[in-house]
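Source file: coords_32.cif. Holds: mmCIF, C-alpha atoms and all ligand atoms.
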data_coords
loop_
_atom_site.label_atom_id
_atom_site.label_comp_id
_atom_site.auth_asym_id
_atom_site.auth_seq_id
_atom_site.Cartn_x
_atom_site.Cartn_y
_atom_site.Cartn_z
CA MET A 231 24.47 5.67 -24.36
CA MET A 232 22.21 2.68 -24.99
CA ARG A 233 21.61 2.31 -21.25
CA GLY A 234 20.62 5.98 -20.95
CA ALA A 235 18.23 5.75 -23.91
CA LEU A 236 16.59 2.64 -22.47
CA LEU A 237 16.23 4.14 -19.01
CA GLY A 238 14.62 7.20 -20.64
CA MET A 239 12.19 4.79 -22.37
CA SER A 240 11.31 3.19 -19.05
CA ARG A 241 9.50 6.40 -18.06
CA SER A 242 7.83 7.18 -21.41
CA SER A 243 4.10 6.52 -21.36
CA THR A 244 3.93 6.73 -25.19
CA ILE A 245 6.55 4.00 -25.68
CA LYS A 246 4.96 2.02 -22.85
CA ASN A 247 1.63 2.01 -24.73
CA VAL A 248 3.29 0.80 -27.94
CA VAL A 249 5.42 -1.91 -26.30
CA THR A 250 2.79 -3.31 -23.96
CA ARG A 251 0.32 -3.65 -26.86
CA ALA A 252 2.85 -5.29 -29.17
CA PRO A 253 2.69 -9.06 -29.49
CA VAL A 254 5.69 -9.49 -27.19
CA THR A 255 6.22 -13.19 -26.70
CA ARG A 256 5.29 -14.32 -23.25
CA GLY A 257 8.83 -15.72 -22.95
CA VAL A 258 10.49 -12.31 -22.59
CA VAL A 259 8.23 -11.19 -19.79
CA THR A 260 8.05 -14.53 -18.01
CA ARG A 261 11.83 -14.77 -17.82
CA PHE A 262 11.78 -11.86 -15.35
CA VAL A 263 8.18 -11.78 -14.05
CA ALA A 264 6.45 -14.60 -12.14
CA GLY A 265 2.96 -14.07 -13.61
CA ASP A 266 -0.04 -11.78 -13.28
CA SER A 267 -1.85 -13.00 -10.19
CA THR A 268 -1.35 -13.56 -6.46
CA ALA A 269 -1.66 -17.30 -7.11
CA ASP A 270 1.19 -17.08 -9.68
CA ALA A 271 3.42 -15.32 -7.12
CA VAL A 272 2.63 -17.93 -4.45
CA GLU A 273 3.35 -20.82 -6.86
CA ALA A 274 6.68 -19.28 -7.97
CA THR A 275 7.60 -18.80 -4.30
CA ARG A 276 6.82 -22.44 -3.60
CA ALA A 277 9.04 -23.53 -6.51
CA LEU A 278 11.97 -21.35 -5.36
CA ALA A 279 11.53 -22.49 -1.74
CA ALA A 280 11.89 -26.09 -2.95
CA ASP A 281 15.43 -25.11 -4.05
CA ASP A 282 16.07 -23.69 -0.57
CA LEU A 283 15.79 -20.10 -1.82
CA ARG A 284 14.01 -17.27 0.04
CA VAL A 285 11.91 -14.71 -1.81
CA THR A 286 11.00 -11.04 -1.67
CA ILE A 287 7.90 -10.33 -3.76
CA ASP A 288 7.23 -7.11 -5.66
CA HIS A 289 3.72 -6.29 -6.86
CA LEU A 290 4.68 -4.53 -10.09
CA GLY A 291 3.75 -0.88 -10.55
CA GLU A 292 5.32 2.51 -9.92
CA ASP A 293 4.86 6.26 -10.35
CA THR A 294 1.20 6.23 -9.29
CA THR A 295 -0.46 9.65 -9.24
CA ASP A 296 -3.92 8.34 -8.46
CA ARG A 297 -5.06 7.81 -4.85
CA GLY A 298 -7.41 4.97 -5.80
CA GLN A 299 -4.65 3.10 -7.62
CA ALA A 300 -2.28 3.58 -4.64
CA ALA A 301 -4.92 2.09 -2.31
CA ARG A 302 -5.45 -0.85 -4.71
CA VAL A 303 -1.71 -1.62 -4.62
CA ALA A 304 -1.81 -1.73 -0.81
CA VAL A 305 -4.83 -4.08 -0.96
CA ALA A 306 -2.96 -6.33 -3.42
CA TYR A 307 -0.05 -6.62 -0.97
CA VAL A 308 -2.40 -7.41 1.93
CA GLU A 309 -4.03 -10.14 -0.17
CA LEU A 310 -0.61 -11.51 -1.15
CA LEU A 311 0.62 -11.59 2.45
CA GLY A 312 -2.54 -13.41 3.53
CA ALA A 313 -2.10 -15.95 0.71
CA LEU A 314 1.56 -16.57 1.66
CA HIS A 315 0.52 -17.14 5.27
CA THR A 316 -2.26 -19.55 4.26
CA ALA A 317 0.18 -21.43 2.01
CA GLY A 318 2.63 -21.78 4.90
CA LEU A 319 5.27 -19.77 3.01
CA SER A 320 5.59 -16.62 5.10
CA ASP A 321 8.81 -17.88 6.67
CA ARG A 322 10.25 -18.12 3.13
CA ALA A 323 8.94 -14.87 1.66
CA GLU A 324 8.75 -11.17 2.49
CA VAL A 325 7.61 -8.29 0.25
CA SER A 326 9.38 -5.41 -1.51
CA VAL A 327 7.45 -2.18 -1.92
CA LYS A 328 7.94 0.90 -4.11
CA LEU A 329 6.62 3.98 -2.33
CA SER A 330 5.90 5.59 -5.72
CA ALA A 331 3.31 2.84 -6.27
CA LEU A 332 1.70 3.83 -2.96
CA GLY A 333 1.26 7.49 -3.89
CA GLN A 334 4.60 9.12 -2.96
CA TYR A 335 4.59 11.22 -6.17
CA LEU A 336 1.19 12.80 -5.56
CA PRO A 337 1.75 16.57 -5.46
CA GLN A 338 -0.47 17.11 -2.41
CA GLY A 339 0.30 14.89 0.59
CA GLY A 340 1.91 12.14 -1.46
CA GLU A 341 4.48 11.21 1.17
CA ASP A 342 1.84 10.96 3.91
CA LEU A 343 -0.35 8.80 1.69
CA ALA A 344 2.56 6.50 0.85
CA LEU A 345 3.40 6.21 4.56
CA GLU A 346 -0.21 5.36 5.43
CA ASN A 347 -0.39 2.69 2.69
CA ALA A 348 3.03 1.30 3.64
CA ARG A 349 1.88 1.07 7.27
CA THR A 350 -1.09 -1.05 6.17
CA ILE A 351 1.28 -3.39 4.33
CA CYS A 352 3.73 -3.57 7.28
CA GLN A 353 0.84 -4.48 9.61
CA ALA A 354 -0.29 -7.25 7.23
CA ALA A 355 3.32 -8.51 7.02
CA ALA A 356 3.61 -8.52 10.82
CA ASN A 357 0.32 -10.45 11.06
CA ALA A 358 1.70 -13.00 8.59
CA GLY A 359 5.00 -13.21 10.50
CA THR A 360 7.18 -11.62 7.83
CA THR A 361 8.77 -8.32 6.79
CA VAL A 362 8.72 -5.48 4.27
CA THR A 363 11.63 -3.84 2.42
CA LEU A 364 11.26 -0.42 0.77
CA ASP A 365 12.76 -0.35 -2.74
CA ALA A 366 14.97 2.56 -3.81
CA GLU A 367 13.83 4.62 -6.78
CA ASP A 368 15.41 7.68 -8.42
CA HIS A 369 17.53 9.98 -6.25
CA THR A 370 14.83 12.66 -5.93
CA THR A 371 12.91 10.24 -3.69
CA THR A 372 15.78 9.08 -1.45
CA ASP A 373 15.25 11.58 1.40
CA SER A 374 11.50 11.00 1.36
CA THR A 375 11.91 7.20 1.32
CA LEU A 376 14.42 7.21 4.18
CA GLY A 377 12.06 9.52 6.12
CA VAL A 378 9.18 7.08 5.61
CA LEU A 379 11.48 4.22 6.62
CA ALA A 380 12.33 5.96 9.92
CA GLU A 381 8.61 6.43 10.65
CA LEU A 382 7.78 2.81 9.83
CA ARG A 383 10.66 1.45 11.90
CA ARG A 384 9.13 2.99 15.06
CA ASP A 385 6.30 0.44 14.90
CA PHE A 386 7.86 -2.16 12.59
CA PRO A 387 11.58 -2.16 13.42
CA ASP A 388 12.40 -4.92 10.96
CA THR A 389 11.35 -2.85 7.92
CA GLY A 390 14.24 -2.92 5.45
CA ALA A 391 15.72 -0.28 3.14
CA VAL A 392 17.50 -0.39 -0.22
CA LEU A 393 20.57 1.77 -0.84
CA GLN A 394 22.14 2.32 -4.26
CA ALA A 395 25.96 2.26 -4.47
CA TYR A 396 25.98 4.52 -7.56
CA LEU A 397 24.73 7.49 -5.53
CA ARG A 398 27.52 9.63 -4.09
CA ARG A 399 25.60 9.99 -0.81
CA THR A 400 25.20 6.27 -0.17
CA GLU A 401 28.31 5.60 1.89
CA GLU A 402 26.98 8.11 4.44
CA ASP A 403 23.50 6.60 4.28
CA CYS A 404 25.05 3.17 4.95
CA ALA A 405 26.81 4.54 8.03
CA ALA A 406 23.54 6.04 9.30
CA LEU A 407 21.65 2.78 8.74
CA ALA A 408 24.36 0.39 10.01
CA VAL A 409 22.66 0.04 13.38
CA ALA A 410 21.36 -2.93 15.34
CA GLY A 411 18.22 -4.48 13.85
CA SER A 412 18.53 -2.55 10.60
CA ARG A 413 18.08 -4.53 7.36
CA VAL A 414 19.80 -2.88 4.40
CA ARG A 415 19.81 -4.20 0.84
CA LEU A 416 22.76 -2.82 -1.11
CA CYS A 417 22.44 -2.71 -4.92
CA LYS A 418 24.32 -0.84 -7.65
CA GLY A 419 21.29 1.25 -8.74
CA ALA A 420 19.09 0.96 -11.81
CA TYR A 421 17.86 4.49 -12.69
CA GLN A 422 19.16 7.21 -14.99
CA GLU A 423 21.03 9.65 -12.76
CA HIS A 424 23.08 12.79 -13.34
CA GLU A 425 26.84 12.77 -12.79
CA SER A 426 26.37 15.43 -10.06
CA VAL A 427 24.61 12.89 -7.80
CA ALA A 428 25.83 9.53 -9.05
CA PHE A 429 28.99 7.80 -10.26
CA SER A 430 28.65 7.01 -13.95
CA ASP A 431 31.86 5.03 -14.46
CA PRO A 432 31.05 1.34 -13.73
CA HIS A 433 34.38 0.89 -11.95
CA ALA A 434 33.64 3.82 -9.63
CA VAL A 435 30.24 2.25 -8.87
CA ASP A 436 31.94 -1.05 -7.98
CA LEU A 437 34.44 0.72 -5.71
CA SER A 438 31.59 2.54 -3.99
CA TYR A 439 29.75 -0.79 -3.62
CA VAL A 440 32.75 -2.30 -1.82
CA ARG A 441 33.13 0.74 0.49
CA CYS A 442 29.43 0.52 1.35
CA LEU A 443 29.66 -3.25 1.87
CA ARG A 444 32.48 -2.76 4.38
CA VAL A 445 30.41 -0.24 6.37
CA LEU A 446 27.37 -2.53 6.45
CA ILE A 447 29.27 -5.75 7.18
CA ASP A 448 31.38 -4.18 9.92
CA GLY A 449 28.27 -2.70 11.56
CA PRO A 450 25.71 -4.48 13.75
CA GLY A 451 22.86 -4.52 11.19
CA TYR A 452 21.70 -7.17 8.70
CA PRO A 453 23.33 -6.60 5.26
CA MET A 454 21.54 -7.90 2.16
CA VAL A 455 24.03 -8.14 -0.72
CA ALA A 456 21.98 -7.60 -3.89
CA SER A 457 24.14 -8.19 -6.94
CA HIS A 458 24.82 -10.74 -9.68
CA ASP A 459 28.37 -9.47 -10.12
CA PRO A 460 30.74 -12.42 -9.48
CA ARG A 461 33.54 -10.17 -8.16
CA LEU A 462 31.28 -8.36 -5.70
CA ILE A 463 29.76 -11.64 -4.52
CA ALA A 464 33.26 -13.05 -3.87
CA ILE A 465 34.31 -9.87 -2.03
CA ALA A 466 31.15 -9.94 0.11
CA ALA A 467 31.70 -13.62 0.98
CA ASP A 468 35.26 -12.81 2.00
CA LEU A 469 34.23 -9.76 4.08
CA VAL A 470 31.53 -11.65 6.02
CA THR A 471 34.03 -14.42 6.80
CA ARG A 472 36.68 -11.94 7.99
CA ALA A 473 34.07 -10.15 10.12
CA GLY A 474 33.20 -13.50 11.73
CA ARG A 475 29.55 -13.17 10.77
CA SER A 476 27.37 -16.24 11.19
CA ARG A 477 25.40 -17.52 8.19
CA ASP A 478 22.13 -16.14 9.59
CA SER A 479 23.47 -12.57 9.92
CA TYR A 480 23.50 -11.55 6.21
CA GLU A 481 22.10 -12.68 2.90
CA PHE A 482 22.73 -12.63 -0.84
CA GLN A 483 19.93 -11.45 -3.11
CA MET A 484 19.36 -11.72 -6.86
CA LEU A 485 16.61 -11.00 -9.35
CA TYR A 486 14.21 -13.67 -10.60
CA GLY A 487 15.51 -14.99 -13.93
CA VAL A 488 19.05 -13.63 -13.57
CA ARG A 489 21.88 -16.17 -12.98
CA PRO A 490 19.54 -18.86 -11.58
CA ALA A 491 22.33 -21.47 -11.42
CA GLU A 492 24.42 -19.12 -9.27
CA GLN A 493 21.44 -18.58 -6.95
CA VAL A 494 21.21 -22.32 -6.29
CA ARG A 495 25.01 -22.73 -6.04
CA LEU A 496 25.26 -20.09 -3.28
CA ALA A 497 22.32 -21.61 -1.39
CA ARG A 498 23.97 -25.05 -1.57
CA LEU A 499 27.11 -23.54 -0.04
CA GLY A 500 24.96 -22.68 2.97
CA HIS A 501 24.39 -18.95 2.34
CA THR A 502 20.91 -17.48 2.68
CA VAL A 503 19.88 -16.46 -0.85
CA ARG A 504 16.74 -14.42 -1.51
CA ILE A 505 15.19 -13.91 -4.93
CA TYR A 506 13.43 -10.66 -5.87
CA LEU A 507 10.26 -11.94 -7.50
CA PRO A 508 8.03 -9.47 -9.38
CA TYR A 509 4.48 -10.28 -10.43
CA GLY A 510 1.55 -8.36 -11.90
CA ASP A 511 0.59 -6.92 -15.27
CA ASP A 512 2.34 -3.53 -14.93
CA TRP A 513 5.72 -4.96 -15.95
CA TYR A 514 6.91 -2.35 -18.47
CA GLY A 515 9.22 -0.11 -16.34
CA TYR A 516 10.72 -3.10 -14.52
CA LEU A 517 11.40 -5.00 -17.75
CA VAL A 518 13.06 -2.04 -19.49
CA ARG A 519 15.43 -1.57 -16.51
CA ARG A 520 16.42 -5.26 -16.79
CA LEU A 521 17.03 -4.83 -20.54
CA ALA A 522 19.21 -1.78 -19.87
CA GLU A 523 21.44 -3.83 -17.57
CA ARG A 524 22.55 -6.23 -20.30
CA PRO A 525 22.71 -5.68 -24.09
CA ALA A 526 22.14 -9.42 -24.70
CA ASN A 527 18.72 -9.07 -23.07
CA LEU A 528 17.88 -6.32 -25.51
CA ALA A 529 18.66 -8.47 -28.55
CA PHE A 530 16.41 -11.20 -27.10
CA PHE A 531 13.62 -8.65 -26.60
CA ALA A 532 14.02 -7.10 -30.07
CA ARG A 533 13.80 -10.54 -31.70
CA SER A 534 10.58 -11.27 -29.83
CA LEU A 535 9.04 -7.93 -30.90
CA VAL A 536 9.52 -8.82 -34.57
CA GLY A 537 8.26 -12.32 -33.93
CA ARG A 538 11.51 -14.26 -34.45
P1 LIG A 601 26.02 -5.79 -13.16
O1 LIG A 601 24.92 -5.04 -13.81
O2 LIG A 601 27.42 -5.32 -13.35
O3 LIG A 601 25.90 -7.31 -13.59
C1 LIG A 601 26.85 -8.29 -13.28
C2 LIG A 601 26.53 -9.54 -14.08
O4 LIG A 601 25.28 -10.06 -13.67
C3 LIG A 601 26.38 -9.29 -15.59
O5 LIG A 601 27.61 -9.36 -16.26
C4 LIG A 601 25.42 -10.38 -15.97
O6 LIG A 601 26.11 -11.60 -16.11
C5 LIG A 601 24.50 -10.48 -14.78
N1 LIG A 601 23.32 -9.60 -14.93
C6 LIG A 601 23.07 -8.46 -14.25
N2 LIG A 601 21.87 -7.93 -14.58
C7 LIG A 601 21.36 -8.78 -15.51
C8 LIG A 601 20.14 -8.80 -16.22
N3 LIG A 601 19.19 -7.86 -16.08
N4 LIG A 601 19.93 -9.82 -17.08
C9 LIG A 601 20.85 -10.80 -17.25
N5 LIG A 601 22.04 -10.84 -16.59
C10 LIG A 601 22.28 -9.84 -15.73
N6 LIG A 601 17.94 -1.15 -8.17
C11 LIG A 601 17.42 0.00 -7.71
O7 LIG A 601 17.77 1.08 -8.22
N7 LIG A 601 16.52 -0.01 -6.68
C12 LIG A 601 16.13 -1.16 -6.05
O8 LIG A 601 15.32 -1.12 -5.13
C13 LIG A 601 16.70 -2.38 -6.51
N8 LIG A 601 16.37 -3.56 -5.92
C14 LIG A 601 17.08 -4.69 -6.25
C15 LIG A 601 16.86 -5.87 -5.55
C16 LIG A 601 17.64 -6.97 -5.82
C17 LIG A 601 17.46 -8.22 -5.01
C18 LIG A 601 18.62 -6.93 -6.86
C19 LIG A 601 19.50 -8.11 -7.16
C20 LIG A 601 18.79 -5.78 -7.59
C21 LIG A 601 18.02 -4.66 -7.32
N9 LIG A 601 18.17 -3.51 -8.07
C22 LIG A 601 17.60 -2.34 -7.60
C23 LIG A 601 18.90 -3.53 -9.36
C24 LIG A 601 20.35 -3.16 -9.22
O9 LIG A 601 20.48 -1.80 -8.87
C25 LIG A 601 21.12 -3.43 -10.51
O10 LIG A 601 20.61 -2.64 -11.54
C26 LIG A 601 21.12 -4.88 -10.96
O11 LIG A 601 21.19 -5.75 -9.88
C27 LIG A 601 22.33 -5.16 -11.87
O12 LIG A 601 23.53 -4.91 -11.16
P2 LIG A 601 24.54 -6.07 -10.69
O13 LIG A 601 24.99 -5.72 -9.31
O14 LIG A 601 23.93 -7.38 -10.84
O15 LIG A 601 25.83 -5.87 -11.59
#
Mind turning this structure into structure tokens?
Amino acid sequence: MMRGALLGMSRSSTIKNVVTRAPVTRGVVTRFVAGDSTADAVEATRALAADDLRVTIDHLGEDTTDRGQAARVAVAYVELLGALHTAGLSDRAEVSVKLSALGQYLPQGGEDLALENARTICQAAANAGTTVTLDAEDHTTTDSTLGVLAELRRDFPDTGAVLQAYLRRTEEDCAALAVAGSRVRLCKGAYQEHESVAFSDPHAVDLSYVRCLRVLIDGPGYPMVASHDPRLIAIAADLVTRAGRSRDSYEFQMLYGVRPAEQVRLARLGHTVRIYLPYGDDWYGYLVRRLAERPANLAFFARSLVGR
């Protein structure tokens, strides 16, 4: 119930206005967000790279219904990719992009606008020698996002997708995307979804995750195992070994600020580990989804709101 209420909050502009103006201690936000600026994102990447971790950087923002704002997000990514290249970090970092931040929700021509903006970002990534992965948002956008992915992959075949194991459709989507050259990040899913489209029982989500993992790992693509769940990480490690996959043919991924010791432990074992690193000042929706994932985070946040 708490998770549902929080996920509802993540889309409320009224609550967003109250929370983002409250004197939230910097500590809560900085645990999960690298900073406000491009320079902050580059510095955090450098620090993670020193621990032999890879990075995928998200310029925070979502649900844009303003063409100008969507264009500004694309420009921010182009600037970021240029800065990573200049800093010599583009072999360590790629970017993650939410199509809703690029205009996908606009009622007239939103999908075309998001595709055009995403193309600009993919070109900048190619120029810098790195890649782009399209984040997954709520289920109403899945068909549109996979359609945009197919278009982008014609010119930028290494563009990656995210699939959410909680959606009932995902096992089929995994089968469709388990093709040579295809990069697929598998996560559990972070949005509020109806029982008709998504599993709500956590155990059913885990079972779906394992079924999807098998499809991706047995296929010829590049699976990206995005989870902090110790059981799923152990199962994935076992499946890649059984499939005879080499260490450069898959990766583990985790969120910035979540289980950092485990991130380093897996990297030291020789796995490729990539950290999803958000930056920017539009952190509200992202932060509330992280709070919804773990009640202990919520207590931490509540204490900071009342200044304790
Ligand atoms: P689960 O939530 O069961 O957590 C397992 C354990 O991990 C917990 O017991 C706790 O110890 C730790 N943990 C997990 N979340 C935590 C948190 N926020 N704070 C502290 N500890 C935590 N979702 C989506 O819908 N679309 C997307 O595009 C993405 N992209 C994405 C990229 C990457 C790299 C990751 C790792 C995750 C996503 N997600 C996402 C989020 C994902 O769907 C999911 O909500 C979270 O990863 C939490 O699920 P876990 O698999 O970690 O398991």
Between segment 366-394 of chain A and segment 451-473 of chain A, at 12 Å or less, what are the per-residue closest atom pairs and their distances in Å? Count all atoms listed in the file, order by chain and rising residue number, and return it as a tab-separated table.
residue	atom	partner	partner_atom	distance
A:Pro387	CA	A:Gly451	CA	11.7
A:Asp388	CA	A:Tyr452	CA	9.8
A:Thr389	CA	A:Tyr452	CA	11.2
A:Gly390	CA	A:Tyr452	CA	9.2
A:Ala391	CA	A:Met454	CA	9.6
A:Val392	CA	A:Met454	CA	8.9
A:Leu393	CA	A:Ala456	CA	10.0
A:Gln394	CA	A:Ala456	CA	9.9
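Residues in contact with ligand LIG 601 (chain A) (atom pairs separated by at most 6 Å; only C-alpha atoms and all ligand atoms) are Asp365, Ala366, Glu367, Val392, Cys417, Lys418, Gly419, Ala420, Tyr421, Ala456, Ser457, His458, Asp459, Gln483, Met484, Leu485, Val488, Tyr506, Arg520, Leu521, Glu523 and Arg524 of chain A.
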Taking (30.2, -1.6, 6.9) in the file's coordinates, which residues come within 10 Å, counting all atoms listed in the file, written as JSON, numbers by chain?
{"A": [401, 404, 405, 407, 408, 440, 441, 442, 443, 444, 445, 446, 447, 448, 449, 450, 451, 453, 469, 473]}
If you count only C-alpha atoms, which residues fall within 12 Å of Ala280 of chain A, apart from same-chain ones fewer than 4 positions away, as a PyMOL selection string?
chain A and resi 273-276+284-285+319+322+494+497
Residues within 10 Å of Leu343 of chain A, only C-alpha atoms, excluding chain neighbours under 6 positions, as a list in words
Arg297, Ala300, Ala301, Leu329, Leu332, Gly333, Gln334, Tyr335, Leu336 and Arg349 of chain A
Interatomic distance, atom CA of Asp321 of chain A to atom CA of Val414 of chain A (Å, one decimal)
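Here the two named atoms are 18.7 Å from each other.
If you measure from each of A:Tyr396, A:Tyr486, A:Tyr480, A:Tyr307 to Pro432 of chain A using all atoms listed in the file, the closest one turns out to be A:Tyr396.
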Out of A:Gly298, A:Gly411, A:Gly359, A:Gly291, which residue has the shortest atom-to-atom distance to Gly312 of chain A when counting all atoms listed in the file?
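Looking only at the distances to Gly312 of chain A, the closest residue turns out to be A:Gly359.
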Two-atom distance - atom CA of Ala348 of chain A, atom CA of Thr268 of chain A (Å):
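Interatomic distance, atom CA of Ala348 of chain A to atom CA of Thr268 of chain A: 18.5 Å.
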Could you please determine the separation between atom CA of Leu283 of chain A and atom CA of Val503 of chain A in Å, to one decimal place?
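Separation of atom CA of Leu283 of chain A and atom CA of Val503 of chain A: 5.6 Å.
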Can you tell me which residues surround Gly487 of chain A at a distance of at most 10 Å, considering only C-alpha atoms, apart from same-chain residues fewer than 4 positions away, and format the answer as a ChimeraX atom specification?
/A:260-264,491,493,505-507
Identify, on the basis of only C-alpha atoms, every residue whose closest approach to Gly234 of chain A does not exceed 8 Å; exclude the query and any residue fewer than 3 positions from it along the same chain; express the result as number ranges by chain.
A: 231, 237-238, 422, 522
If you count only C-alpha atoms, which residues fall within 7 Å of segment 351-356 of chain A, apart from same-chain ones fewer than 3 positions away, as a PyMOL selection string?
chain A and resi 304+307-308+311+347-348+359-362+386
Around the point (11.0, 4.6, -18.0) in the file's coordinates, collect all residues with an atom within 9 Å, using only C-alpha atoms, and return them as a PyMOL selection string.
chain A and resi 236-243+245-246+421+514-516+518-519
How big is the axis-aligned box, and where does its centre sit, when it encloses all atoms of segment 354-369 of chain A listed in the file and has 4 Å added on every side, reported in Å to one decimal as lines of an AutoDock Vina configuration file?
center_x = 8.6
center_y = -1.6
center_z = 1.3
size_x = 25.8
size_y = 31.2
size_z = 27.5
